[in-house]
file query_30.cif (mmCIF, C-alpha atoms)
data_run
loop_
_atom_site.group_PDB
_atom_site.id
_atom_site.type_symbol
_atom_site.label_atom_id
_atom_site.label_comp_id
_atom_site.auth_asym_id
_atom_site.auth_seq_id
_atom_site.Cartn_x
_atom_site.Cartn_y
_atom_site.Cartn_z
ATOM 1 C CA MET A 20 75.467 108.074 102.598
ATOM 2 C CA ARG A 21 74.665 107.777 106.264
ATOM 3 C CA ASP A 22 74.657 104.484 108.143
ATOM 4 C CA PRO A 23 71.073 103.228 108.452
ATOM 5 C CA ALA A 24 71.341 102.646 112.205
ATOM 6 C CA PRO A 25 74.456 104.231 113.683
ATOM 7 C CA ARG A 26 75.397 103.450 117.250
ATOM 8 C CA ASP A 27 74.924 106.651 119.196
ATOM 9 C CA PRO A 28 78.233 107.602 120.908
ATOM 10 C CA ARG A 29 76.189 109.609 123.414
ATOM 11 C CA SER A 30 74.889 106.318 124.852
ATOM 12 C CA GLY A 31 76.347 105.785 128.324
ATOM 13 C CA ALA A 32 76.503 102.004 127.938
ATOM 14 C CA PHE A 33 78.205 102.250 124.545
ATOM 15 C CA ARG A 34 80.795 104.768 125.774
ATOM 16 C CA LEU A 35 81.517 102.730 128.918
ATOM 17 C CA ALA A 36 82.031 99.531 126.905
ATOM 18 C CA ARG A 37 84.301 101.303 124.431
ATOM 19 C CA ALA A 38 86.383 102.944 127.140
ATOM 20 C CA LEU A 39 86.772 99.747 129.152
ATOM 21 C CA SER A 40 87.732 97.856 126.000
ATOM 22 C CA ALA A 41 90.390 100.446 125.180
ATOM 23 C CA ALA A 42 91.672 100.313 128.749
ATOM 24 C CA ALA A 43 91.976 96.534 128.490
ATOM 25 C CA LEU A 44 94.010 96.862 125.304
ATOM 26 C CA VAL A 45 96.390 99.269 127.017
ATOM 27 C CA LEU A 46 96.725 96.898 129.971
ATOM 28 C CA CYS A 47 97.444 93.936 127.709
ATOM 29 C CA ALA A 48 100.050 95.905 125.781
ATOM 30 C CA CYS A 49 102.344 96.073 128.832
ATOM 31 C CA SER A 50 104.586 93.021 128.928
ATOM 32 C CA PRO A 51 105.986 91.871 132.260
ATOM 33 C CA GLU A 52 109.534 92.140 130.895
ATOM 34 C CA GLU A 53 109.287 95.896 130.600
ATOM 35 C CA GLY A 54 110.553 97.834 133.573
ATOM 36 C CA PRO A 55 109.945 101.389 134.758
ATOM 37 C CA GLY A 56 111.207 103.949 132.303
ATOM 38 C CA ASP A 57 111.032 101.633 129.286
ATOM 39 C CA ARG A 58 107.539 102.771 128.367
ATOM 40 C CA LEU A 59 105.671 106.044 128.767
ATOM 41 C CA ASN A 60 101.902 105.847 128.298
ATOM 42 C CA VAL A 61 100.546 109.230 127.247
ATOM 43 C CA PHE A 62 96.766 109.604 127.129
ATOM 44 C CA ALA A 63 95.803 112.670 125.092
ATOM 45 C CA ALA A 64 92.800 114.319 123.467
ATOM 46 C CA ALA A 65 92.357 113.421 119.794
ATOM 47 C CA SER A 66 92.989 117.034 118.775
ATOM 48 C CA LEU A 67 96.576 116.669 120.055
ATOM 49 C CA THR A 68 97.399 113.806 117.683
ATOM 50 C CA ASP A 69 99.754 115.685 115.375
ATOM 51 C CA VAL A 70 101.517 117.695 118.084
ATOM 52 C CA PHE A 71 102.140 114.803 120.467
ATOM 53 C CA THR A 72 103.226 112.477 117.646
ATOM 54 C CA ASP A 73 105.906 114.994 116.700
ATOM 55 C CA LEU A 74 106.975 115.531 120.303
ATOM 56 C CA ALA A 75 107.156 111.777 120.945
ATOM 57 C CA GLU A 76 109.936 111.425 118.381
ATOM 58 C CA GLU A 77 111.931 114.169 120.095
ATOM 59 C CA PHE A 78 111.293 112.718 123.551
ATOM 60 C CA GLU A 79 112.482 109.265 122.537
ATOM 61 C CA ALA A 80 115.627 110.781 121.032
ATOM 62 C CA GLU A 81 116.307 112.610 124.303
ATOM 63 C CA HIS A 82 115.563 109.505 126.430
ATOM 64 C CA PRO A 83 117.218 106.509 124.722
ATOM 65 C CA GLY A 84 115.486 103.213 125.503
ATOM 66 C CA THR A 85 112.146 104.867 126.247
ATOM 67 C CA GLU A 86 109.118 104.119 124.089
ATOM 68 C CA VAL A 87 106.331 106.702 124.092
ATOM 69 C CA VAL A 88 102.973 104.981 123.600
ATOM 70 C CA LEU A 89 100.278 107.460 122.609
ATOM 71 C CA ASN A 90 96.610 106.795 123.286
ATOM 72 C CA PHE A 91 94.399 109.339 121.495
ATOM 73 C CA ALA A 92 90.625 109.487 121.966
ATOM 74 C CA GLY A 93 87.884 111.744 123.219
ATOM 75 C CA SER A 94 88.969 113.220 126.553
ATOM 76 C CA SER A 95 85.937 111.845 128.392
ATOM 77 C CA ASP A 96 86.728 108.284 127.264
ATOM 78 C CA LEU A 97 90.351 108.705 128.355
ATOM 79 C CA ALA A 98 89.259 110.003 131.759
ATOM 80 C CA LEU A 99 87.030 106.957 132.174
ATOM 81 C CA GLN A 100 89.908 104.653 131.239
ATOM 82 C CA ILE A 101 92.201 106.324 133.770
ATOM 83 C CA ASN A 102 89.592 106.212 136.519
ATOM 84 C CA SER A 103 89.064 102.523 135.671
ATOM 85 C CA GLY A 104 92.729 101.752 136.308
ATOM 86 C CA ALA A 105 94.363 101.955 132.894
ATOM 87 C CA PRO A 106 98.162 102.362 133.270
ATOM 88 C CA ALA A 107 98.535 105.941 132.102
ATOM 89 C CA ASP A 108 101.565 108.051 132.963
ATOM 90 C CA VAL A 109 100.361 111.397 131.580
ATOM 91 C CA PHE A 110 96.927 112.772 130.749
ATOM 92 C CA ALA A 111 96.294 115.782 128.497
ATOM 93 C CA SER A 112 92.650 116.807 128.255
ATOM 94 C CA ALA A 113 90.888 119.120 125.812
ATOM 95 C CA ASP A 114 89.112 120.893 128.646
ATOM 96 C CA THR A 115 89.389 121.527 132.354
ATOM 97 C CA ASP A 116 86.066 119.885 133.260
ATOM 98 C CA THR A 117 87.223 116.496 132.009
ATOM 99 C CA MET A 118 90.529 116.821 133.839
ATOM 100 C CA GLY A 119 88.408 117.544 136.891
ATOM 101 C CA ARG A 120 86.835 114.087 136.648
ATOM 102 C CA VAL A 121 90.279 112.522 136.833
ATOM 103 C CA VAL A 122 91.177 114.756 139.767
ATOM 104 C CA GLU A 123 87.983 113.743 141.579
ATOM 105 C CA GLY A 124 88.929 110.104 141.009
ATOM 106 C CA GLU A 125 92.320 110.809 142.628
ATOM 107 C CA GLY A 126 93.907 110.181 139.246
ATOM 108 C CA LEU A 127 96.718 112.760 139.380
ATOM 109 C CA ASP A 128 100.009 111.977 141.085
ATOM 110 C CA PRO A 129 99.776 113.762 144.470
ATOM 111 C CA ASP A 130 103.446 114.772 144.627
ATOM 112 C CA TRP A 131 103.396 116.263 141.132
ATOM 113 C CA ALA A 132 100.031 117.942 141.773
ATOM 114 C CA ALA A 133 101.266 119.462 145.025
ATOM 115 C CA GLU A 134 104.046 121.196 143.118
ATOM 116 C CA HIS A 135 102.298 122.099 139.870
ATOM 117 C CA GLY A 136 98.586 122.327 140.611
ATOM 118 C CA ALA A 137 95.839 120.044 141.860
ATOM 119 C CA ARG A 138 93.950 120.249 138.550
ATOM 120 C CA GLY A 139 96.922 120.014 136.203
ATOM 121 C CA VAL A 140 98.627 122.768 134.239
ATOM 122 C CA VAL A 141 97.023 124.533 131.271
ATOM 123 C CA PHE A 142 99.445 124.413 128.335
ATOM 124 C CA ALA A 143 97.298 125.344 125.312
ATOM 125 C CA ALA A 144 93.925 126.658 124.170
ATOM 126 C CA ASN A 145 91.723 125.996 121.147
ATOM 127 C CA THR A 146 88.627 127.485 119.522
ATOM 128 C CA LEU A 147 85.983 126.090 117.200
ATOM 129 C CA ARG A 148 85.870 126.436 113.421
ATOM 130 C CA ILE A 149 83.456 125.239 110.750
ATOM 131 C CA ALA A 150 85.127 122.785 108.394
ATOM 132 C CA VAL A 151 83.544 122.269 104.975
ATOM 133 C CA PRO A 152 84.659 120.309 101.895
ATOM 134 C CA PRO A 153 86.950 122.295 99.549
ATOM 135 C CA ASP A 154 84.074 123.191 97.200
ATOM 136 C CA ASN A 155 81.745 124.124 100.114
ATOM 137 C CA PRO A 156 78.701 122.500 98.453
ATOM 138 C CA ALA A 157 76.194 123.941 100.933
ATOM 139 C CA GLY A 158 77.600 127.469 100.690
ATOM 140 C CA VAL A 159 78.264 127.723 104.430
ATOM 141 C CA GLU A 160 79.522 131.177 105.398
ATOM 142 C CA GLU A 161 78.432 131.526 109.027
ATOM 143 C CA LEU A 162 77.243 129.452 111.965
ATOM 144 C CA ALA A 163 73.551 130.076 111.248
ATOM 145 C CA ASP A 164 73.962 128.424 107.836
ATOM 146 C CA LEU A 165 74.310 125.050 109.565
ATOM 147 C CA ALA A 166 70.594 125.237 110.409
ATOM 148 C CA ALA A 167 69.578 125.454 106.747
ATOM 149 C CA GLY A 168 67.411 122.627 105.482
ATOM 150 C CA GLY A 169 69.259 120.018 103.480
ATOM 151 C CA THR A 170 72.663 120.835 105.011
ATOM 152 C CA ALA A 171 74.256 117.679 106.423
ATOM 153 C CA VAL A 172 76.164 118.473 109.603
ATOM 154 C CA ALA A 173 78.453 116.544 111.965
ATOM 155 C CA PHE A 174 79.045 117.458 115.622
ATOM 156 C CA CYS A 175 81.038 115.847 118.400
ATOM 157 C CA ALA A 176 79.021 113.984 121.028
ATOM 158 C CA GLU A 177 78.186 116.384 123.846
ATOM 159 C CA GLU A 178 80.083 114.275 126.412
ATOM 160 C CA VAL A 179 83.452 115.093 124.839
ATOM 161 C CA PRO A 180 85.002 118.582 125.077
ATOM 162 C CA CYS A 181 84.458 119.554 121.436
ATOM 163 C CA GLY A 182 80.804 118.567 121.795
ATOM 164 C CA ALA A 183 80.407 120.561 124.996
ATOM 165 C CA ALA A 184 82.008 123.565 123.284
ATOM 166 C CA THR A 185 79.670 123.115 120.312
ATOM 167 C CA ALA A 186 76.612 123.113 122.574
ATOM 168 C CA GLU A 187 77.882 126.225 124.345
ATOM 169 C CA VAL A 188 78.607 128.167 121.168
ATOM 170 C CA LEU A 189 75.183 127.297 119.725
ATOM 171 C CA ASP A 190 73.575 128.484 122.953
ATOM 172 C CA GLU A 191 75.557 131.732 122.793
ATOM 173 C CA ALA A 192 74.340 132.228 119.222
ATOM 174 C CA GLY A 193 70.728 131.369 120.081
ATOM 175 C CA LEU A 194 70.679 128.474 117.607
ATOM 176 C CA GLU A 195 69.150 125.005 117.899
ATOM 177 C CA ILE A 196 70.702 122.576 115.427
ATOM 178 C CA THR A 197 70.292 118.809 115.399
ATOM 179 C CA PRO A 198 73.212 117.333 113.446
ATOM 180 C CA ASP A 199 72.960 114.391 111.094
ATOM 181 C CA THR A 200 75.601 112.568 113.099
ATOM 182 C CA TYR A 201 77.299 112.764 116.489
ATOM 183 C CA GLU A 202 80.907 111.560 116.490
ATOM 184 C CA GLU A 203 83.012 110.206 119.356
ATOM 185 C CA ASP A 204 85.830 112.741 118.936
ATOM 186 C CA VAL A 205 86.786 115.780 116.867
ATOM 187 C CA ARG A 206 88.990 113.858 114.429
ATOM 188 C CA ALA A 207 85.996 111.687 113.526
ATOM 189 C CA VAL A 208 84.022 114.845 112.672
ATOM 190 C CA LEU A 209 86.910 116.082 110.546
ATOM 191 C CA THR A 210 87.050 112.764 108.687
ATOM 192 C CA LYS A 211 83.340 113.007 107.850
ATOM 193 C CA VAL A 212 83.998 116.388 106.229
ATOM 194 C CA GLU A 213 87.135 115.242 104.421
ATOM 195 C CA LEU A 214 85.269 112.297 102.924
ATOM 196 C CA GLY A 215 82.394 114.518 101.803
ATOM 197 C CA GLU A 216 79.912 112.580 103.934
ATOM 198 C CA VAL A 217 78.633 115.831 105.456
ATOM 199 C CA ASP A 218 78.470 119.427 104.240
ATOM 200 C CA ALA A 219 79.992 120.852 107.412
ATOM 201 C CA GLY A 220 81.359 119.939 110.807
ATOM 202 C CA LEU A 221 82.315 121.874 113.909
ATOM 203 C CA VAL A 222 85.950 121.124 114.740
ATOM 204 C CA TYR A 223 88.863 122.921 116.367
ATOM 205 C CA ALA A 224 91.023 125.508 114.651
ATOM 206 C CA THR A 225 93.908 123.043 114.915
ATOM 207 C CA ASP A 226 91.988 120.417 112.954
ATOM 208 C CA VAL A 227 91.541 122.621 109.918
ATOM 209 C CA VAL A 228 95.269 123.393 110.054
ATOM 210 C CA SER A 229 95.989 119.662 110.149
ATOM 211 C CA ALA A 230 93.656 118.934 107.227
ATOM 212 C CA GLY A 231 95.301 121.476 104.920
ATOM 213 C CA ASP A 232 93.577 121.736 101.551
ATOM 214 C CA ARG A 233 91.342 118.740 102.276
ATOM 215 C CA VAL A 234 88.854 121.109 103.930
ATOM 216 C CA GLN A 235 87.962 124.775 103.816
ATOM 217 C CA ASP A 236 88.033 126.804 107.027
ATOM 218 C CA VAL A 237 84.999 128.940 107.849
ATOM 219 C CA VAL A 238 85.649 131.326 110.741
ATOM 220 C CA PHE A 239 82.505 132.493 112.528
ATOM 221 C CA ASP A 240 82.011 135.413 114.917
ATOM 222 C CA GLU A 241 80.786 133.343 117.862
ATOM 223 C CA SER A 242 83.926 131.196 117.972
ATOM 224 C CA ASP A 243 85.710 133.692 120.212
ATOM 225 C CA ASP A 244 83.009 133.295 122.866
ATOM 226 C CA VAL A 245 84.044 129.714 123.695
ATOM 227 C CA VAL A 246 87.675 128.806 124.321
ATOM 228 C CA ASN A 247 88.826 125.357 125.452
ATOM 229 C CA ASP A 248 91.799 125.322 127.823
ATOM 230 C CA TYR A 249 93.954 122.180 127.687
ATOM 231 C CA PRO A 250 95.388 120.949 131.022
ATOM 232 C CA ILE A 251 98.055 118.264 131.431
ATOM 233 C CA GLY A 252 99.223 116.298 134.443
ATOM 234 C CA VAL A 253 101.146 113.268 135.712
ATOM 235 C CA VAL A 254 98.801 110.375 136.516
ATOM 236 C CA SER A 255 98.873 108.546 139.843
ATOM 237 C CA THR A 256 99.301 105.143 138.131
ATOM 238 C CA THR A 257 102.622 106.175 136.576
ATOM 239 C CA SER A 258 105.499 103.744 137.008
ATOM 240 C CA ASP A 259 108.059 106.555 136.628
ATOM 241 C CA ALA A 260 106.887 109.952 137.838
ATOM 242 C CA ALA A 261 110.160 111.625 136.868
ATOM 243 C CA LEU A 262 109.901 110.421 133.269
ATOM 244 C CA ALA A 263 106.240 111.458 133.101
ATOM 245 C CA ALA A 264 107.134 114.884 134.466
ATOM 246 C CA ALA A 265 109.830 115.169 131.789
ATOM 247 C CA TRP A 266 107.136 114.710 129.118
ATOM 248 C CA VAL A 267 105.029 117.465 130.685
ATOM 249 C CA ASP A 268 108.120 119.681 130.755
ATOM 250 C CA LEU A 269 108.732 119.053 127.035
ATOM 251 C CA VAL A 270 105.141 119.963 126.164
ATOM 252 C CA ARG A 271 105.516 123.224 128.118
ATOM 253 C CA SER A 272 109.034 123.986 126.853
ATOM 254 C CA PRO A 273 109.846 126.526 124.107
ATOM 255 C CA GLU A 274 110.046 123.622 121.632
ATOM 256 C CA GLY A 275 106.655 122.349 122.756
ATOM 257 C CA GLU A 276 105.191 125.832 122.418
ATOM 258 C CA ARG A 277 106.651 126.123 118.909
ATOM 259 C CA VAL A 278 105.013 122.864 117.802
ATOM 260 C CA LEU A 279 101.712 123.815 119.421
ATOM 261 C CA ARG A 280 101.628 127.234 117.757
ATOM 262 C CA ALA A 281 102.504 125.726 114.375
ATOM 263 C CA ALA A 282 99.525 123.403 114.767
ATOM 264 C CA GLY A 283 97.188 126.328 115.423
ATOM 265 C CA PHE A 284 96.950 126.180 119.213
ATOM 266 C CA GLU A 285 97.065 129.276 121.378
ATOM 267 C CA VAL A 286 99.743 129.049 124.059
ATOM 268 C CA PRO A 287 99.415 130.856 127.419
#
call {"tool": "encode", "arguments": {"input": "query_30.cif", "output": "structure tokens"}}
result
Amino acid sequence: MRDPAPRDPRSGAFRLARALSAAALVLCACSPEEGPGDRLNVFAAASLTDVFTDLAEEFEAEHPGTEVVLNFAGSSDLALQINSGAPADVFASADTDTMGRVVEGEGLDPDWAAEHGARGVVFAANTLRIAVPPDNPAGVEELADLAAGGTAVAFCAEEVPCGAATAEVLDEAGLEITPDTYEEDVRAVLTKVELGEVDAGLVYATDVVSAGDRVQDVVFDESDDVVNDYPIGVVSTTSDAALAAAWVDLVRSPEGERVLRAAGFEVP
């Protein structure tokens, strides 16, 4: 059953309030007793939740006394938090355009950027998939089936990378589909499908891998036309650029590539 009056995550005022609230929580979480190197704040796209959670355990084991604090959300909200002064050390975005907003706000550490790239380093890529409940109640077999009457569909809000990719792939396919709900990030779309609240949702390939048998994966021809590149970079507000760079190095290491591939990401 749908909420009678959902708050639209595409609303600029709503997204700004949510992002500023999240930034305030991150700011409050830093106690004055903690010194540089004790805490690493990693801001990452929601689709990286499983991969970065696994890598955080390894990073903490390799850097005793360091706590990795992971902040997962839609990339656009994270970019807004960073540009509003949230104390991030690393930012990993689900697309290059959103990383560009951080770059334009002078959000990347200039020394790191001078060595590795002004717009971050691409470390992974992802493509869209249709996720449906295990019994596929609407009989979805291709992208055009999402336009069928009576099929409840969830998309990401267009402001976040998965939503922008959705809009692009629909345009490539010549389809106009108004979903029943827009969600603030890709994991929220996946949850709608897992709970059976919608018949289908457009998510990333990595999300269907993460969900396992809780959803069915429907691969569609147009998915190869839109690929999201994931850039990562050290943020200018970092309290320990060397530690932040070590996290980026882990993500790009052979072990990081192994975890990314296992999660369904493509690795350059």
call {"tool": "closest_residue", "arguments": {"input": "query_30.cif", "among": "A:Leu209, A:Val222, A:Leu99, A:Val70", "to": "Arg280 (chain A)", "atoms": "all atoms listed in the file"}}
result
A:Val70
call {"tool": "resolve_selection", "arguments": {"input": "query_30.cif", "expression": "the PyMOL selection byres ((chain A and resi 154) around 12)", "output": "PyMOL selection string"}}
result
chain A and resi 150-153+155-159+212-213+215+218-219+232-236
call {"tool": "residues_around", "arguments": {"input": "query_30.cif", "residues": "region 102-119 of chain A", "least_positions_apart": "2", "cutoff": "8 Å", "atoms": "only C-alpha atoms", "output": "VMD selection string"}}
result
chain A and resid 39 42 to 43 45 to 46 59 to 64 66 94 to 95 98 to 100 121 to 124 126 138 to 139 180 to 181 247 to 260 263 266 to 267
call {"tool": "write_last_selection", "arguments": {"input": "query_30.cif", "atoms": "C-alpha atoms", "output": "tab-separated table (two decimals), in the frame of the given file"}}
result
chain	number	residue	atom	x	y	z
A	39	LEU	CA	86.77	99.75	129.15
A	42	ALA	CA	91.67	100.31	128.75
A	43	ALA	CA	91.98	96.53	128.49
A	45	VAL	CA	96.39	99.27	127.02
A	46	LEU	CA	96.72	96.90	129.97
A	59	LEU	CA	105.67	106.04	128.77
A	60	ASN	CA	101.90	105.85	128.30
A	61	VAL	CA	100.55	109.23	127.25
A	62	PHE	CA	96.77	109.60	127.13
A	63	ALA	CA	95.80	112.67	125.09
A	64	ALA	CA	92.80	114.32	123.47
A	66	SER	CA	92.99	117.03	118.78
A	94	SER	CA	88.97	113.22	126.55
A	95	SER	CA	85.94	111.84	128.39
A	98	ALA	CA	89.26	110.00	131.76
A	99	LEU	CA	87.03	106.96	132.17
A	100	GLN	CA	89.91	104.65	131.24
A	121	VAL	CA	90.28	112.52	136.83
A	122	VAL	CA	91.18	114.76	139.77
A	123	GLU	CA	87.98	113.74	141.58
A	124	GLY	CA	88.93	110.10	141.01
A	126	GLY	CA	93.91	110.18	139.25
A	138	ARG	CA	93.95	120.25	138.55
A	139	GLY	CA	96.92	120.01	136.20
A	180	PRO	CA	85.00	118.58	125.08
A	181	CYS	CA	84.46	119.55	121.44
A	247	ASN	CA	88.83	125.36	125.45
A	248	ASP	CA	91.80	125.32	127.82
A	249	TYR	CA	93.95	122.18	127.69
A	250	PRO	CA	95.39	120.95	131.02
A	251	ILE	CA	98.06	118.26	131.43
A	252	GLY	CA	99.22	116.30	134.44
A	253	VAL	CA	101.15	113.27	135.71
A	254	VAL	CA	98.80	110.38	136.52
A	255	SER	CA	98.87	108.55	139.84
A	256	THR	CA	99.30	105.14	138.13
A	257	THR	CA	102.62	106.18	136.58
A	258	SER	CA	105.50	103.74	137.01
A	259	ASP	CA	108.06	106.56	136.63
A	260	ALA	CA	106.89	109.95	137.84
A	263	ALA	CA	106.24	111.46	133.10
A	266	TRP	CA	107.14	114.71	129.12
A	267	VAL	CA	105.03	117.46	130.68
call {"tool": "atom_distance", "arguments": {"input": "query_30.cif", "atom1": "CA of Ala281 (chain A)", "atom2": "CA of Ser242 (chain A)"}}
result
19.7 Å
call {"tool": "resolve_selection", "arguments": {"input": "query_30.cif", "expression": "the PyMOL selection byres ((chain A and resi 240) around 10)", "output": "PyMOL selection string"}}
result
chain A and resi 148+161-162+192+238-239+241-244
call {"tool": "atom_distance", "arguments": {"input": "query_30.cif", "atom1": "CA of Glu77 (chain A)", "atom2": "CA of Tyr223 (chain A)"}}
result
25.0 Å
call {"tool": "residues_around", "arguments": {"input": "query_30.cif", "residues": "Ala75 (chain A)", "least_positions_apart": "4", "cutoff": "9 Å", "atoms": "all atoms listed in the file", "output": "list in words"}}
result
Val70, Phe71, Glu79, Ala80, Glu86, Val87, Val88, Leu89 and Trp266 of chain A
call {"tool": "write_last_selection", "arguments": {"input": "query_30.cif", "atoms": "C-alpha atoms", "output": "PDB file, in the frame of the given file"}}
result
ATOM      1  CA  VAL A  70     101.517 117.695 118.084  1.00  0.00           C
ATOM      2  CA  PHE A  71     102.140 114.803 120.467  1.00  0.00           C
ATOM      3  CA  GLU A  79     112.482 109.265 122.537  1.00  0.00           C
ATOM      4  CA  ALA A  80     115.627 110.781 121.032  1.00  0.00           C
ATOM      5  CA  GLU A  86     109.118 104.119 124.089  1.00  0.00           C
ATOM      6  CA  VAL A  87     106.331 106.702 124.092  1.00  0.00           C
ATOM      7  CA  VAL A  88     102.973 104.981 123.600  1.00  0.00           C
ATOM      8  CA  LEU A  89     100.278 107.460 122.609  1.00  0.00           C
ATOM      9  CA  TRP A 266     107.136 114.710 129.118  1.00  0.00           C
TER      10      TRP A 266
END
call {"tool": "residues_near_point", "arguments": {"input": "query_30.cif", "point": "(75.9, 116.1, 115.2)", "cutoff": "6 Å", "atoms": "all atoms listed in the file", "output": "PyMOL selection string"}}
result
chain A and resi 173-174+198-201
call {"tool": "closest_residue", "arguments": {"input": "query_30.cif", "among": "A:Leu269, A:Val172, A:Val246, A:Leu97", "to": "Lys211 (chain A)", "atoms": "only C-alpha atoms"}}
result
A:Val172
